[in-house]
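Undergrad: The following block contains the structure, expressed as structure tokens.
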Amino acid sequence: MRVVGLMSGTSHDAVDAAAADLALDGDSLLLRPLGMVSEPYPEELRSALAGALPPAATTLGEVCRLDTRIGQVFAELAVRADRELCDGRAELVVSHGQTVFHWVEQGRVHGTLQIGSPAWIAEATGCPVVSDLRSRDVAAGGQGAPLVSIVDVLWLRGRPGVSAALNLGGIANLTVAGAAGDPVAFDTGPANALADAAVHALTEGRMDYDEDGLLAARGRVDETLLRRLLDEPYYAEPPPKTTGKELFHWPYLRDALSACGPLPLEDVVATVTRLTARTVADAVRSAGAGEVAASGGGTRNPTLMAMLRTELGGIPLRTSDELGLPSAAKEAYAFAVLGFLTVHGLNGTIPACTGARRPSILGSVTPGRRGLPRPRAAAEQPRRLRILPA
């Protein structure tokens with residue numbers, strides 16, 4: 001089945017589309033990457049989205065407008081991906097949507113909201129669309145994150161020792177597999193979220209992120225600020241656990257800075273970049289991982305990657321590209337897999353990773369012009385993921 005996966009992460013800067021040929025072969029899921037296309041959000045839409053995210057207040061009218069306009073942006077990119085990557089033969093589109101709120105209280109997730117109406121995607125492409133993938137896991141008592149953990153477990157299974165898949169988006173998440181017991185997955189804390197917030201706020205909007213890690217590279221880590229940030233209770237909570245920009249945002253960082261006196265922008269960015277590296281490395285060690293395969297936008301930040309290598313000590317750090325999955329598109333491919341599992345009636349979660357009571361078939365399906373997707377054959381739950389040459 002030729003599938004397009006659509007993803008926009010917590011950095012809410014762009015929408016990525018990855019296409020893949022997916023097939024079941026006994027207990028293996030076969031994935032042949034077909035490529036990736038990406039489009040930044042229009043600046044006016046990105047500003048409207050940023051202005052509506054927590055801790056800002058918003059209105060239902062604004063939520064409706066954002067849901068429609070984000071759905072239209074996703075639809076335009078899905079059409080492009082079908083044309084450029086699938087020769088117009090896509091059979092299914094899977095849309096993660098844009099996370100705007102993850103409702104967490106006292107370690108329990110009560111709800112999650114991803115917007116970007118799938119009807120626009122189905123109308124534009126003619127394909128059925130799987131969307132709203134997180135809610136079912138939450139309803140089953142899970143965290144709804146890290147939702148790609150089942151893909152990571154299938155992908156890492158069979159590697160020697162204990163391996164960790166790390167995604168560095170706005171938030172960092174980790175999946176660890178290969179030990180004798182159950183796999184484990186959780187959000188470690190901020191990846192780019194606090195650095196992005198600091199850059200945007202302290203440049204008064206002239207810059208949105210630390211391009212190529214140049215600001216962090218010029219700065220010095222302020223140990224007082226770092227210790228204050230490391231006191232965050234979230235880091236001590238046991239997995240499974242999840243977090244987001246509902247916690248790690250500019251007012252959160254501003255409050256920590258208020259106890260440290262004024263600092264240059266470069267020092268602030270260097271400190272929160274070190275925070276990411278420290279908390280990720282602590283999580284990797286606590287889970288007993290012997291290697292890390294990283295993906296996501298943070299892998300393009302040389303300063304973050306250098307700090308992470310230092311904090312990991314002798315634990316090897318590589319990108320997912322070295323294991324066959326393009327790091328920039330890995331999450332989009334992962335959501336393509338989740339939607340593929342859904343239309344074959346297969347579970348898309350591992351309870352040990354999300355904390356749910358039971359595994360679940362994920363998402364809601366919006367019919368395409370030819371109706372609902374029709375899997376070619378009965379399927380069994382896969383136990384491993386094999387990446388085929390492109």
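Following the order of the structure tokens, chains are lettered A, B, ..., residues in each are numbered from 1, and ligands are numbered from 1.
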I'd like the neighbourhood of Ser38 in chain A as a ChimeraX atom specification, where a residue qualifies if any of its atoms comes within 10 Å (using only C-alpha atoms), though same-chain residues fewer than 3 positions away should be ignored.

TA: /A:6-8,14-18,41,77-78,80-81,328-329

Undergrad: Which residues, written as a CSV table (one decimal) with N, CA and C atoms, in the first residue's frame, have at least one atom at most 7 Å from range 92-101 of chain A, with only C-alpha atoms counted and residues fewer than 2 positions away on the same chain left out?

TA:
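Wrote around_35.csv, looks like this:
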```csv
chain,number,residue,atom,x,y,z
A,2,ARG,N,0.6,2.2,-0.9
A,2,ARG,CA,1.4,3.4,-0.9
A,2,ARG,C,0.7,4.5,0.0
A,3,VAL,N,1.5,4.9,1.0
A,3,VAL,CA,0.9,5.7,2.1
A,3,VAL,C,1.7,7.0,2.2
A,4,VAL,N,1.0,8.1,2.5
A,4,VAL,CA,1.6,9.4,2.8
A,4,VAL,C,1.4,9.7,4.2
A,5,GLY,N,2.4,10.0,5.0
A,5,GLY,CA,2.3,10.4,6.4
A,5,GLY,C,2.6,11.9,6.5
A,6,LEU,N,1.7,12.6,7.2
A,6,LEU,CA,1.8,14.0,7.4
A,6,LEU,C,2.1,14.3,8.9
A,7,MET,N,3.0,15.2,9.1
A,7,MET,CA,3.5,15.5,10.5
A,7,MET,C,3.8,17.0,10.7
A,8,SER,N,3.4,17.6,11.7
A,8,SER,CA,3.9,18.9,12.2
A,8,SER,C,4.1,18.8,13.7
A,9,GLY,N,5.3,19.0,14.1
A,9,GLY,CA,5.6,18.8,15.5
A,9,GLY,C,5.4,20.0,16.4
A,10,THR,N,5.9,19.9,17.6
A,10,THR,CA,5.7,20.9,18.6
A,10,THR,C,6.5,22.2,18.3
A,53,LEU,N,-1.4,29.3,21.4
A,53,LEU,CA,-1.0,28.1,22.2
A,53,LEU,C,-0.8,28.5,23.6
A,90,ALA,N,-1.1,7.4,-4.5
A,90,ALA,CA,-1.3,7.2,-3.1
A,90,ALA,C,-2.6,6.6,-2.8
A,103,TRP,N,-3.5,17.6,27.7
A,103,TRP,CA,-4.0,17.9,29.1
A,103,TRP,C,-3.5,16.9,30.1
A,112,THR,N,-6.2,15.1,24.7
A,112,THR,CA,-5.2,15.6,23.8
A,112,THR,C,-5.9,16.2,22.6
A,113,LEU,N,-5.4,17.2,22.0
A,113,LEU,CA,-6.0,17.9,20.9
A,113,LEU,C,-5.0,18.2,19.8
A,114,GLN,N,-5.3,17.5,18.6
A,114,GLN,CA,-4.5,17.8,17.4
A,114,GLN,C,-5.5,18.4,16.4
A,115,ILE,N,-5.2,19.5,15.8
A,115,ILE,CA,-6.2,20.1,14.8
A,115,ILE,C,-5.6,20.1,13.4
A,116,GLY,N,-6.4,20.4,12.5
A,116,GLY,CA,-6.1,20.3,11.0
A,116,GLY,C,-7.1,19.3,10.4
A,127,CYS,N,-8.1,10.5,-1.3
A,127,CYS,CA,-7.7,9.3,-0.5
A,127,CYS,C,-8.4,9.3,0.9
A,128,PRO,N,-8.7,8.1,1.4
A,128,PRO,CA,-9.1,8.1,2.8
A,128,PRO,C,-8.0,8.6,3.7
A,129,VAL,N,-8.4,9.2,4.8
A,129,VAL,CA,-7.4,9.8,5.8
A,129,VAL,C,-7.6,9.2,7.2
A,130,VAL,N,-6.5,8.8,7.8
A,130,VAL,CA,-6.5,8.4,9.2
A,130,VAL,C,-6.0,9.6,10.0
A,131,SER,N,-6.7,10.0,11.0
A,131,SER,CA,-6.3,11.2,11.8
A,131,SER,C,-6.6,10.9,13.3
A,132,ASP,N,-6.4,11.9,14.1
A,132,ASP,CA,-6.7,11.8,15.6
A,132,ASP,C,-6.1,10.6,16.2
A,133,LEU,N,-4.8,10.3,16.0
A,133,LEU,CA,-4.3,9.0,16.4
A,133,LEU,C,-4.0,8.9,17.9
A,335,PHE,N,4.2,7.8,11.4
A,335,PHE,CA,2.7,8.0,11.4
A,335,PHE,C,2.1,7.3,10.1
A,336,ALA,N,2.8,7.3,9.0
A,336,ALA,CA,2.3,6.5,7.9
A,336,ALA,C,2.1,5.0,8.3
A,339,GLY,N,-1.1,4.6,10.6
A,339,GLY,CA,-2.3,4.6,9.8
A,339,GLY,C,-2.5,3.3,9.0
```

Undergrad: Please list as a VMD selection string every residue within 7 Å of Ala195 in chain A, counting only C-alpha atoms and excluding residues in the same chain fewer than 5 positions away.

TA: chain A and resid 209 269 272 to 273

Undergrad: Write out as a list in words which residues come within 9 Å of Val79 in chain A when counting only C-alpha atoms, dropping same-chain ones fewer than 5 positions away.

TA: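 Neighbouring residues, sequence-local ones excluded: Phe74, Glu84, Gly88, Ile121, Ala124 and Thr125 of chain A.
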
Undergrad: Set out as JSON lines a contact list for range 141-174 of chain A and range 347-371 of chain A with a cut-off of 12 Å, giving each residue of range 141-174 of chain A that qualifies its closest atom pair and distance in Å to one decimal, counting only C-alpha atoms, ordered by chain and rising residue number.

TA:
```
{"residue": "A:Gly141", "atom": "CA", "partner": "A:Ala356", "partner_atom": "CA", "distance": 4.5}
{"residue": "A:Gly142", "atom": "CA", "partner": "A:Ala356", "partner_atom": "CA", "distance": 3.7}
{"residue": "A:Gln143", "atom": "CA", "partner": "A:Thr354", "partner_atom": "CA", "distance": 5.2}
{"residue": "A:Gly144", "atom": "CA", "partner": "A:Thr354", "partner_atom": "CA", "distance": 6.3}
{"residue": "A:Ala145", "atom": "CA", "partner": "A:Thr354", "partner_atom": "CA", "distance": 6.0}
{"residue": "A:Pro146", "atom": "CA", "partner": "A:Thr354", "partner_atom": "CA", "distance": 6.8}
{"residue": "A:Leu147", "atom": "CA", "partner": "A:Thr349", "partner_atom": "CA", "distance": 7.1}
{"residue": "A:Val148", "atom": "CA", "partner": "A:Thr349", "partner_atom": "CA", "distance": 8.2}
{"residue": "A:Ser149", "atom": "CA", "partner": "A:Cys353", "partner_atom": "CA", "distance": 6.6}
{"residue": "A:Ile150", "atom": "CA", "partner": "A:Thr349", "partner_atom": "CA", "distance": 5.7}
{"residue": "A:Val151", "atom": "CA", "partner": "A:Gly348", "partner_atom": "CA", "distance": 8.5}
{"residue": "A:Asp152", "atom": "CA", "partner": "A:Cys353", "partner_atom": "CA", "distance": 10.6}
{"residue": "A:Val153", "atom": "CA", "partner": "A:Ile350", "partner_atom": "CA", "distance": 9.0}
{"residue": "A:Leu154", "atom": "CA", "partner": "A:Ile350", "partner_atom": "CA", "distance": 10.6}
{"residue": "A:Asn173", "atom": "CA", "partner": "A:Cys353", "partner_atom": "CA", "distance": 11.3}
{"residue": "A:Leu174", "atom": "CA", "partner": "A:Cys353", "partner_atom": "CA", "distance": 9.9}
```

Undergrad: Could you please take those selected residues and save C-alpha atoms as a PDB file, in the first residue's frame?

TA:
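Writing the result to out20.pdb gives the following:
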```
ATOM      1  CA  GLY A 141      -5.567   5.149  30.125  1.00  0.00           C
ATOM      2  CA  GLY A 142      -2.369   5.880  28.201  1.00  0.00           C
ATOM      3  CA  GLN A 143      -0.256   8.986  27.834  1.00  0.00           C
ATOM      4  CA  GLY A 144      -0.954   9.265  24.101  1.00  0.00           C
ATOM      5  CA  ALA A 145       2.802   9.689  23.716  1.00  0.00           C
ATOM      6  CA  PRO A 146       5.369   8.885  22.599  1.00  0.00           C
ATOM      7  CA  LEU A 147       2.982   7.440  20.033  1.00  0.00           C
ATOM      8  CA  VAL A 148       5.673   6.326  17.586  1.00  0.00           C
ATOM      9  CA  SER A 149       7.100   3.969  20.217  1.00  0.00           C
ATOM     10  CA  ILE A 150       5.584   0.887  18.554  1.00  0.00           C
ATOM     11  CA  VAL A 151       7.408   1.779  15.327  1.00  0.00           C
ATOM     12  CA  ASP A 152      10.652   2.298  17.233  1.00  0.00           C
ATOM     13  CA  VAL A 153      10.296  -1.056  18.993  1.00  0.00           C
ATOM     14  CA  LEU A 154       9.641  -2.898  15.719  1.00  0.00           C
ATOM     15  CA  ASN A 173      11.134  11.586  23.499  1.00  0.00           C
ATOM     16  CA  LEU A 174      12.877   8.274  23.933  1.00  0.00           C
TER      17      LEU A 174
END
```

Undergrad: Would you return as a PyMOL selection string the members of range 37-268 of chain A that DSSP assigns to strand (DSSP E) on this structure's backbone?

TA: chain A and resi 37-40+92-105+108-115+129-131+163-168+171-177+184-190

Undergrad: Extract the full set of helix (DSSP H, G or I) residues from range 185-278 of chain A according to DSSP on the backbone, and format it as a VMD selection string.

TA: chain A and resid 193 to 202 211 to 218 223 to 230 233 to 236 250 to 258 265 to 278

Undergrad: Which residue out of A:Pro160, A:Leu225, A:Arg206, A:Pro240 has the minimum interatomic distance to Pro183 in chain A when only C-alpha atoms are used?

TA: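 The closest residue to Pro183 in chain A is A:Pro240.
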
Undergrad: Which residues come within 7 Å of Asp210 in chain A, counting only C-alpha atoms, excluding same-chain residues fewer than 3 positions away, as an MDAnalysis selection string?

TA: chainID A and resid 196 199 213:215

Undergrad: Which residue gives the smallest distance to Asp13 in chain A among A:Gly297, A:Arg254, A:Gln106, A:Arg227, with only C-alpha atoms counted?

TA: A:Gly297

Undergrad: Skipping near chain neighbours, those fewer than 5 positions away, what residues fall within 12 Å of Ser163 in chain A using only C-alpha atoms, listed as a PyMOL selection string?

TA: chain A and resi 152-158+174-179+183-185+284-285+287-294+315-318+320+323

Undergrad: Using the selection just defined, write its residues with N, CA, C and O atoms as a tab-separated table (two decimals), in the first residue's frame.

TA:
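Final file, again_14.tsv:
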```
chain	number	residue	atom	x	y	z
A	152	ASP	N	9.27	2.39	16.75
A	152	ASP	CA	10.65	2.30	17.23
A	152	ASP	C	10.98	0.89	17.73
A	152	ASP	O	12.06	0.35	17.46
A	153	VAL	N	10.05	0.29	18.47
A	153	VAL	CA	10.30	-1.06	18.99
A	153	VAL	C	10.44	-2.06	17.86
A	153	VAL	O	11.37	-2.89	17.84
A	154	LEU	N	9.55	-2.00	16.87
A	154	LEU	CA	9.64	-2.90	15.72
A	154	LEU	C	10.95	-2.69	14.96
A	154	LEU	O	11.57	-3.64	14.48
A	155	TRP	N	11.36	-1.44	14.86
A	155	TRP	CA	12.57	-1.06	14.12
A	155	TRP	C	13.84	-1.50	14.84
A	155	TRP	O	14.78	-2.01	14.22
A	156	LEU	N	13.88	-1.33	16.16
A	156	LEU	CA	15.08	-1.63	16.94
A	156	LEU	C	15.20	-3.11	17.31
A	156	LEU	O	16.28	-3.57	17.67
A	157	ARG	N	14.08	-3.81	17.24
A	157	ARG	CA	14.08	-5.21	17.65
A	157	ARG	C	15.09	-6.01	16.81
A	157	ARG	O	15.13	-5.90	15.59
A	158	GLY	N	15.90	-6.78	17.49
A	158	GLY	CA	16.89	-7.58	16.78
A	158	GLY	C	18.27	-6.98	16.78
A	158	GLY	O	19.25	-7.65	16.45
A	174	LEU	N	11.94	9.39	23.96
A	174	LEU	CA	12.88	8.27	23.93
A	174	LEU	C	12.10	6.96	23.96
A	174	LEU	O	11.13	6.82	24.71
A	175	THR	N	12.50	6.02	23.12
A	175	THR	CA	12.00	4.65	23.18
A	175	THR	C	13.20	3.74	23.35
A	175	THR	O	14.17	3.84	22.59
A	176	VAL	N	13.15	2.86	24.34
A	176	VAL	CA	14.26	1.95	24.64
A	176	VAL	C	13.76	0.53	24.51
A	176	VAL	O	12.76	0.15	25.13
A	177	ALA	N	14.45	-0.27	23.69
A	177	ALA	CA	14.03	-1.64	23.44
A	177	ALA	C	15.25	-2.55	23.35
A	177	ALA	O	16.36	-2.09	23.08
A	178	GLY	N	15.02	-3.83	23.58
A	178	GLY	CA	16.09	-4.81	23.42
A	178	GLY	C	16.43	-5.54	24.70
A	178	GLY	O	17.08	-6.57	24.66
A	179	ALA	N	16.01	-5.02	25.84
A	179	ALA	CA	16.25	-5.71	27.11
A	179	ALA	C	15.30	-6.89	27.24
A	179	ALA	O	14.36	-7.06	26.47
A	183	PRO	N	9.66	-3.02	26.64
A	183	PRO	CA	10.26	-1.76	26.22
A	183	PRO	C	9.72	-0.61	27.07
A	183	PRO	O	8.70	-0.77	27.77
A	184	VAL	N	10.38	0.52	27.00
A	184	VAL	CA	9.94	1.71	27.73
A	184	VAL	C	10.03	2.91	26.81
A	184	VAL	O	10.91	2.98	25.94
A	185	ALA	N	9.10	3.84	26.97
A	185	ALA	CA	9.10	5.05	26.15
A	185	ALA	C	8.53	6.20	26.97
A	185	ALA	O	7.61	6.02	27.77
A	284	VAL	N	18.69	8.30	29.07
A	284	VAL	CA	19.29	7.17	28.36
A	284	VAL	C	20.00	6.24	29.34
A	284	VAL	O	19.84	5.01	29.30
A	285	ARG	N	20.76	6.82	30.26
A	285	ARG	CA	21.49	5.99	31.23
A	285	ARG	C	20.53	5.28	32.17
A	285	ARG	O	20.72	4.11	32.49
A	287	ALA	N	17.66	4.23	31.60
A	287	ALA	CA	16.98	3.14	30.91
A	287	ALA	C	17.94	2.03	30.48
A	287	ALA	O	17.50	1.02	29.93
A	288	GLY	N	19.23	2.22	30.71
A	288	GLY	CA	20.20	1.18	30.41
A	288	GLY	C	20.53	1.00	28.95
A	288	GLY	O	20.98	-0.06	28.53
A	289	ALA	N	20.32	2.05	28.14
A	289	ALA	CA	20.57	1.93	26.70
A	289	ALA	C	22.06	1.97	26.41
A	289	ALA	O	22.81	2.72	27.02
A	290	GLY	N	22.47	1.15	25.41
A	290	GLY	CA	23.87	1.09	25.03
A	290	GLY	C	24.18	1.80	23.74
A	290	GLY	O	25.35	1.91	23.34
A	291	GLU	N	23.15	2.30	23.04
A	291	GLU	CA	23.34	3.10	21.83
A	291	GLU	C	22.11	3.97	21.64
A	291	GLU	O	21.02	3.64	22.12
A	292	VAL	N	22.29	5.10	20.93
A	292	VAL	CA	21.19	6.03	20.69
A	292	VAL	C	21.15	6.36	19.20
A	292	VAL	O	22.18	6.73	18.61
A	293	ALA	N	19.97	6.23	18.60
A	293	ALA	CA	19.73	6.64	17.22
A	293	ALA	C	18.79	7.83	17.25
A	293	ALA	O	17.63	7.71	17.64
A	294	ALA	N	19.29	9.00	16.86
A	294	ALA	CA	18.55	10.25	17.00
A	294	ALA	C	17.93	10.67	15.67
A	294	ALA	O	18.47	10.42	14.59
A	315	ILE	N	28.52	6.27	25.44
A	315	ILE	CA	27.37	5.67	24.75
A	315	ILE	C	27.32	6.21	23.32
A	315	ILE	O	27.22	7.42	23.12
A	316	PRO	N	27.40	5.35	22.30
A	316	PRO	CA	27.42	5.83	20.91
A	316	PRO	C	26.13	6.58	20.55
A	316	PRO	O	25.02	6.16	20.90
A	317	LEU	N	26.30	7.69	19.84
A	317	LEU	CA	25.18	8.49	19.33
A	317	LEU	C	25.31	8.55	17.82
A	317	LEU	O	26.33	8.98	17.30
A	318	ARG	N	24.26	8.12	17.13
A	318	ARG	CA	24.23	8.21	15.67
A	318	ARG	C	22.87	8.75	15.27
A	318	ARG	O	21.97	8.87	16.12
A	320	SER	N	19.35	8.39	12.86
A	320	SER	CA	18.56	7.28	12.33
A	320	SER	C	18.89	7.00	10.87
A	320	SER	O	18.63	5.89	10.38
A	323	LEU	N	20.73	3.93	10.21
A	323	LEU	CA	19.98	2.68	10.35
A	323	LEU	C	18.86	2.57	9.32
A	323	LEU	O	17.97	1.72	9.45
```

Undergrad: Using only C-alpha atoms, determine which residues lie at most 9 Å from Ala379 in chain A, disregarding the query and same-chain residues fewer than 6 positions distant; provide the list as a VMD selection string.

TA: chain A and resid 24 26 344 to 346
